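What follows is query39.csv (CSV, C-alpha atoms).
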chain,number,residue,atom,x,y,z
A,122,MET,CA,-35.0,-27.4,-13.5
A,123,ALA,CA,-32.2,-29.9,-14.2
A,124,PRO,CA,-31.9,-31.1,-17.8
A,125,TRP,CA,-32.5,-34.7,-16.9
A,126,ILE,CA,-35.8,-33.8,-15.2
A,127,ARG,CA,-36.9,-32.0,-18.4
A,128,CYS,CA,-36.1,-35.2,-20.3
A,129,VAL,CA,-38.2,-37.3,-18.0
A,130,TRP,CA,-41.2,-35.0,-18.4
A,131,LEU,CA,-40.8,-34.9,-22.2
A,132,ILE,CA,-40.8,-38.7,-22.4
A,133,LEU,CA,-44.0,-38.7,-20.2
A,134,ILE,CA,-45.7,-36.1,-22.4
A,135,LEU,CA,-44.9,-37.9,-25.7
A,136,ALA,CA,-45.6,-41.4,-24.5
A,137,VAL,CA,-48.9,-40.9,-22.6
A,138,PRO,CA,-51.2,-40.2,-25.6
A,139,GLU,CA,-50.0,-43.4,-27.4
A,140,ILE,CA,-50.3,-45.6,-24.4
A,141,ALA,CA,-53.7,-44.1,-23.5
A,142,VAL,CA,-55.1,-45.3,-26.8
A,143,ALA,CA,-53.9,-48.9,-26.2
A,144,GLN,CA,-55.0,-48.7,-22.5
A,145,ARG,CA,-58.7,-48.5,-23.4
A,146,GLN,CA,-58.6,-52.2,-24.2
A,147,PHE,CA,-56.5,-53.2,-21.1
A,148,HIS,CA,-57.3,-53.4,-17.4
A,149,ILE,CA,-55.0,-54.3,-14.5
A,150,ASP,CA,-57.7,-55.9,-12.4
A,151,GLU,CA,-56.4,-59.4,-13.1
A,152,TYR,CA,-53.2,-58.7,-11.1
A,153,LYS,CA,-53.5,-56.3,-8.2
A,154,SER,CA,-50.1,-56.9,-6.4
A,155,GLU,CA,-46.5,-56.8,-7.5
A,156,VAL,CA,-43.2,-57.7,-6.0
A,157,GLY,CA,-39.7,-57.1,-7.4
A,158,VAL,CA,-36.0,-56.7,-6.9
A,159,PHE,CA,-33.7,-54.0,-8.3
A,160,TYR,CA,-30.2,-52.5,-8.5
A,161,THR,CA,-30.0,-48.8,-7.7
A,162,GLY,CA,-27.3,-46.0,-7.8
A,163,ILE,CA,-27.5,-42.6,-6.2
A,164,ASN,CA,-25.1,-39.7,-6.7
A,165,LEU,CA,-25.2,-38.7,-3.1
A,166,LYS,CA,-23.7,-35.3,-2.6
A,167,GLY,CA,-20.8,-35.1,-0.2
A,168,PHE,CA,-19.8,-38.7,-0.6
A,169,GLY,CA,-17.6,-38.5,-3.6
A,170,GLU,CA,-19.0,-41.2,-5.8
A,171,THR,CA,-22.1,-43.0,-6.9
A,172,VAL,CA,-23.4,-45.2,-4.1
A,173,ASN,CA,-24.6,-48.6,-5.4
A,174,GLY,CA,-27.2,-50.8,-3.7
A,175,LEU,CA,-29.7,-53.6,-4.0
A,176,GLY,CA,-33.3,-53.6,-3.0
A,177,ALA,CA,-36.8,-55.0,-2.9
A,178,ARG,CA,-40.1,-53.5,-3.9
A,179,PHE,CA,-43.8,-54.1,-3.3
A,180,GLY,CA,-46.7,-52.5,-5.2
A,181,TYR,CA,-50.5,-52.6,-5.1
A,182,ASN,CA,-52.5,-51.4,-8.1
A,183,ILE,CA,-55.5,-49.4,-6.9
A,184,HIS,CA,-56.7,-49.2,-10.5
A,185,ASP,CA,-55.1,-48.8,-14.0
A,186,HIS,CA,-53.7,-45.4,-13.3
A,187,LEU,CA,-52.7,-45.3,-9.6
A,188,SER,CA,-50.5,-47.7,-7.5
A,189,VAL,CA,-49.1,-47.8,-4.1
A,190,ASP,CA,-45.3,-48.1,-4.4
A,191,ILE,CA,-43.0,-49.2,-1.5
A,192,GLU,CA,-39.3,-50.1,-1.6
A,193,PHE,CA,-36.3,-50.9,0.6
A,194,SER,CA,-32.7,-50.7,-0.5
A,195,PHE,CA,-29.3,-51.3,1.1
A,196,SER,CA,-25.9,-50.0,0.0
A,197,PRO,CA,-22.9,-51.8,1.7
A,198,ARG,CA,-19.7,-50.1,2.5
A,199,ARG,CA,-17.3,-52.1,0.4
A,200,TYR,CA,-19.2,-54.3,-2.1
A,201,LEU,CA,-21.0,-53.4,-5.4
A,202,ARG,CA,-18.0,-51.2,-6.3
A,203,ASN,CA,-18.6,-49.0,-3.2
A,204,ASN,CA,-15.8,-47.4,-1.2
A,205,GLN,CA,-17.8,-45.6,1.5
A,206,VAL,CA,-17.3,-44.6,5.1
A,207,GLY,CA,-20.5,-46.3,6.2
A,208,GLN,CA,-23.3,-48.4,4.9
A,209,LYS,CA,-26.6,-46.8,3.8
A,210,GLY,CA,-30.2,-47.8,3.7
A,211,GLN,CA,-33.4,-46.3,2.3
A,212,MET,CA,-37.1,-46.8,2.7
A,213,LEU,CA,-39.6,-45.1,0.5
A,214,ALA,CA,-43.4,-45.3,0.4
A,215,GLY,CA,-45.7,-43.4,-1.9
A,216,VAL,CA,-47.7,-43.5,-5.1
A,217,LYS,CA,-47.0,-44.1,-8.8
A,218,ALA,CA,-49.5,-42.5,-11.3
A,219,GLY,CA,-49.7,-42.8,-15.1
A,220,VAL,CA,-51.0,-44.9,-17.9
A,221,ARG,CA,-50.2,-48.4,-19.2
A,222,SER,CA,-51.1,-50.7,-22.0
A,223,ARG,CA,-50.6,-54.5,-22.1
A,224,TYR,CA,-46.9,-54.1,-23.0
A,225,ILE,CA,-45.7,-50.8,-21.6
A,226,GLY,CA,-46.4,-48.3,-18.8
A,227,VAL,CA,-45.2,-44.7,-18.1
A,228,PHE,CA,-45.6,-43.2,-14.7
A,229,ALA,CA,-44.7,-40.3,-12.4
A,230,LYS,CA,-43.8,-41.2,-8.8
A,231,ALA,CA,-43.7,-39.3,-5.5
A,232,ARG,CA,-42.5,-41.2,-2.4
A,233,PRO,CA,-41.4,-39.8,1.0
A,234,GLY,CA,-39.2,-41.8,3.3
A,235,VAL,CA,-36.1,-42.1,5.3
A,236,MET,CA,-32.4,-42.6,4.4
A,237,SER,CA,-30.1,-44.1,7.0
A,238,ILE,CA,-26.4,-43.2,6.7
A,239,GLY,CA,-24.0,-45.2,8.8
A,240,GLU,CA,-20.9,-43.9,10.5
A,241,VAL,CA,-21.6,-40.3,9.7
A,242,THR,CA,-22.5,-37.8,12.4
A,243,SER,CA,-26.1,-37.0,11.4
A,244,ASP,CA,-28.2,-36.1,14.4
A,245,PHE,CA,-27.2,-37.5,17.8
A,246,SER,CA,-28.0,-38.5,21.4
A,247,CYS,CA,-25.5,-37.4,24.0
A,248,ARG,CA,-24.2,-38.3,27.5
A,249,SER,CA,-21.6,-36.5,29.5
A,250,ASN,CA,-19.0,-37.4,32.1
A,251,ASP,CA,-16.3,-35.3,33.9
A,252,PHE,CA,-14.0,-35.4,30.9
A,253,ALA,CA,-16.0,-35.2,27.7
A,254,THR,CA,-19.4,-35.2,25.9
A,255,ILE,CA,-20.0,-38.4,23.9
A,256,CYS,CA,-22.6,-38.3,21.1
A,257,ARG,CA,-23.9,-41.3,19.2
A,258,PRO,CA,-25.2,-40.7,15.6
A,259,SER,CA,-28.8,-41.8,14.9
A,260,HIS,CA,-28.2,-41.6,11.1
A,261,ASN,CA,-31.8,-41.3,10.1
A,262,ASN,CA,-32.5,-38.5,7.5
A,263,LEU,CA,-35.8,-37.5,5.9
A,264,ALA,CA,-35.9,-38.2,2.2
A,265,PHE,CA,-38.3,-37.6,-0.7
A,266,ASP,CA,-38.1,-39.3,-4.2
A,267,ALA,CA,-39.8,-37.7,-7.2
A,268,GLY,CA,-39.3,-38.7,-10.8
A,269,GLY,CA,-40.5,-41.0,-13.6
A,270,VAL,CA,-40.9,-44.8,-14.2
A,271,LEU,CA,-40.9,-46.8,-17.4
A,272,GLU,CA,-42.2,-50.4,-17.2
A,273,ILE,CA,-42.1,-53.0,-20.0
A,274,TYR,CA,-44.3,-56.1,-19.8
A,275,PRO,CA,-42.8,-58.9,-22.0
A,276,LEU,CA,-45.2,-61.4,-20.3
A,277,SER,CA,-48.5,-60.9,-18.5
A,278,ARG,CA,-46.9,-61.4,-15.1
A,279,LEU,CA,-43.3,-60.1,-15.8
A,280,ILE,CA,-42.2,-56.5,-15.3
A,281,ILE,CA,-39.0,-54.9,-16.4
A,282,ARG,CA,-38.8,-51.5,-14.6
A,283,PHE,CA,-36.5,-48.4,-15.1
A,284,ASP,CA,-36.6,-45.6,-12.6
A,285,GLY,CA,-35.0,-42.1,-12.7
A,286,GLY,CA,-35.6,-39.3,-10.2
A,287,ASP,CA,-34.5,-36.7,-7.8
A,288,THR,CA,-34.0,-38.0,-4.2
A,289,ILE,CA,-34.1,-35.1,-1.8
A,290,VAL,CA,-32.3,-35.8,1.5
A,291,ARG,CA,-32.3,-33.6,4.6
A,292,ILE,CA,-28.9,-34.5,6.2
A,293,ARG,CA,-28.5,-33.5,9.9
A,294,ARG,CA,-25.0,-33.1,11.1
A,295,ALA,CA,-23.7,-32.9,14.7
A,296,THR,CA,-20.8,-30.9,15.9
A,297,LEU,CA,-19.2,-31.3,19.3
A,298,SER,CA,-17.1,-29.2,21.6
A,299,ILE,CA,-15.0,-31.5,23.9
A,300,PRO,CA,-14.6,-31.5,26.8
A,301,PHE,CA,-17.4,-28.8,27.0
A,302,ASN,CA,-21.0,-30.0,27.0
A,303,ASN,CA,-22.4,-27.9,24.1
A,304,PRO,CA,-23.2,-30.1,21.0
A,305,SER,CA,-25.0,-28.5,18.2
A,306,SER,CA,-26.5,-29.6,14.9
A,307,THR,CA,-27.1,-28.2,11.4
A,308,SER,CA,-29.0,-29.6,8.4
A,309,ASP,CA,-28.4,-29.5,4.7
A,310,ILE,CA,-31.1,-30.1,2.0
A,311,THR,CA,-29.4,-32.1,-0.9
A,312,GLN,CA,-30.8,-33.0,-4.3
A,313,ASN,CA,-29.4,-36.3,-5.6
A,314,PHE,CA,-30.0,-38.0,-9.0
A,315,GLN,CA,-31.0,-41.7,-8.4
A,316,PHE,CA,-31.7,-44.4,-10.9
A,317,ALA,CA,-32.8,-48.1,-10.7
A,318,VAL,CA,-33.2,-51.1,-12.9
A,319,GLY,CA,-35.2,-54.1,-11.8
A,320,PHE,CA,-37.6,-57.0,-12.4
A,321,GLY,CA,-41.0,-57.6,-10.9
A,322,TYR,CA,-43.7,-60.2,-10.8
A,323,ARG,CA,-47.5,-59.6,-10.8
A,324,PHE,CA,-49.9,-61.8,-8.8

Using the file provided, produce a representation of the structure as structure tokens.
Amino acid sequence: MAPWIRCVWLILILAVPEIAVAQRQFHIDEYKSEVGVFYTGINLKGFGETVNGLGARFGYNIHDHLSVDIEFSFSPRRYLRNNQVGQKGQMLAGVKAGVRSRYIGVFAKARPGVMSIGEVTSDFSCRSNDFATICRPSHNNLAFDAGGVLEIYPLSRLIIRFDGGDTIVRIRRATLSIPFNNPSSTSDITQNFQFAVGFGYRF
């Protein structure tokens, strides 16, 4: 287990008992839904640098301890200090579970989804002519995000949120033999540290 994962779980273990005491006098029923925006960075293996992006998030609180958590993020090629071959997008949808008081919340998260990687040969659809085989990347790769979330509530409707986790991405790669019609593909499972900082609003 990576050292940063141990740190996340240690923080959860230490914080949960204290928050649970305060949580007995607090209920989330007043505000069921949440929207937010965030900045995110992911150390995507094979791309040489941290990939930076911006995103939006939606949450629905089933009860005090369990929420539905959905987010979309986009990382441009040349902005936000990126210097990438192609743009990247991410969609994750899953659950966030933990404890919260009126002023702070600590959660674990598990969210499957998809990462889109532009201008990289990752899966393909092909057509052939008399001279060559031409393959167009589809770019969509399965992803899974697991980690921890810390939320601070300075006001009853305002959320300051910090995320840290391991984003597992199954990257499919296509290889061609031109002019012969025999494309093939391989896949790699990569584990990538991802963090996010953002703001949210309850309603």

Residue with smallest distance to Asp287 in chain A - pool A:Ser196, A:Asn261, A:Gln315, A:Asn203, counting all atoms listed in the file: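 Of A:Ser196, A:Asn261, A:Gln315, A:Asn203, the one nearest Asp287 in chain A, counting all atoms listed in the file, is A:Gln315.
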
Straight-line distance linking CA of Asn313 in chain A with CA of Val290 in chain A, stated in Å to one decimal: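 It comes out at 7.7 Å.
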
Range 177-194 of chain A environment, 10 Å, all atoms listed in the file, sequence neighbours closer than 3 positions dropped, as a PyMOL selection string: chain A and resi 144+147-150+152-161+173-174+209-222+226-236+319-324

Distance criterion (all atoms listed in the file): nearest to Gly286 in chain A out of A:Tyr200, A:Phe314, A:Phe265, A:Tyr274: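 The shortest atom-to-atom distance to Gly286 in chain A comes from A:Phe314.
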
Shortest interatomic distance to Gly162 in chain A - which of A:Tyr224, A:Phe316, A:Phe283, A:Phe195, counting only C-alpha atoms: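 Of A:Tyr224, A:Phe316, A:Phe283, A:Phe195, the one nearest Gly162 in chain A, counting only C-alpha atoms, is A:Phe316.
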
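Here CA of Asp284 in chain A and CA of Ala317 in chain A stand 4.9 Å from one another.
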
Separation of CA of Asp309 in chain A from CA of Leu263 in chain A, in Å and rounded to one decimal: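 Interatomic distance here is 11.0 Å.
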
Contact residues around Ile273 in chain A with all atoms listed in the file at 6 Å, ignoring same-chain residues under 2 positions, as number ranges by chain: A: 224-225, 280-281

Cut-off 7 Å around (-30.0, -31.2, 0.5) with all atoms listed in the file: residues as number ranges by chain: A: 289-292, 309-312

Which of A:Ala267, A:Arg223, A:Gly176, A:Ser237 sits closest to Leu279 in chain A [using only C-alpha atoms]: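 Going through A:Ala267, A:Arg223, A:Gly176, A:Ser237 one by one, the smallest distance to Leu279 in chain A is for A:Arg223.
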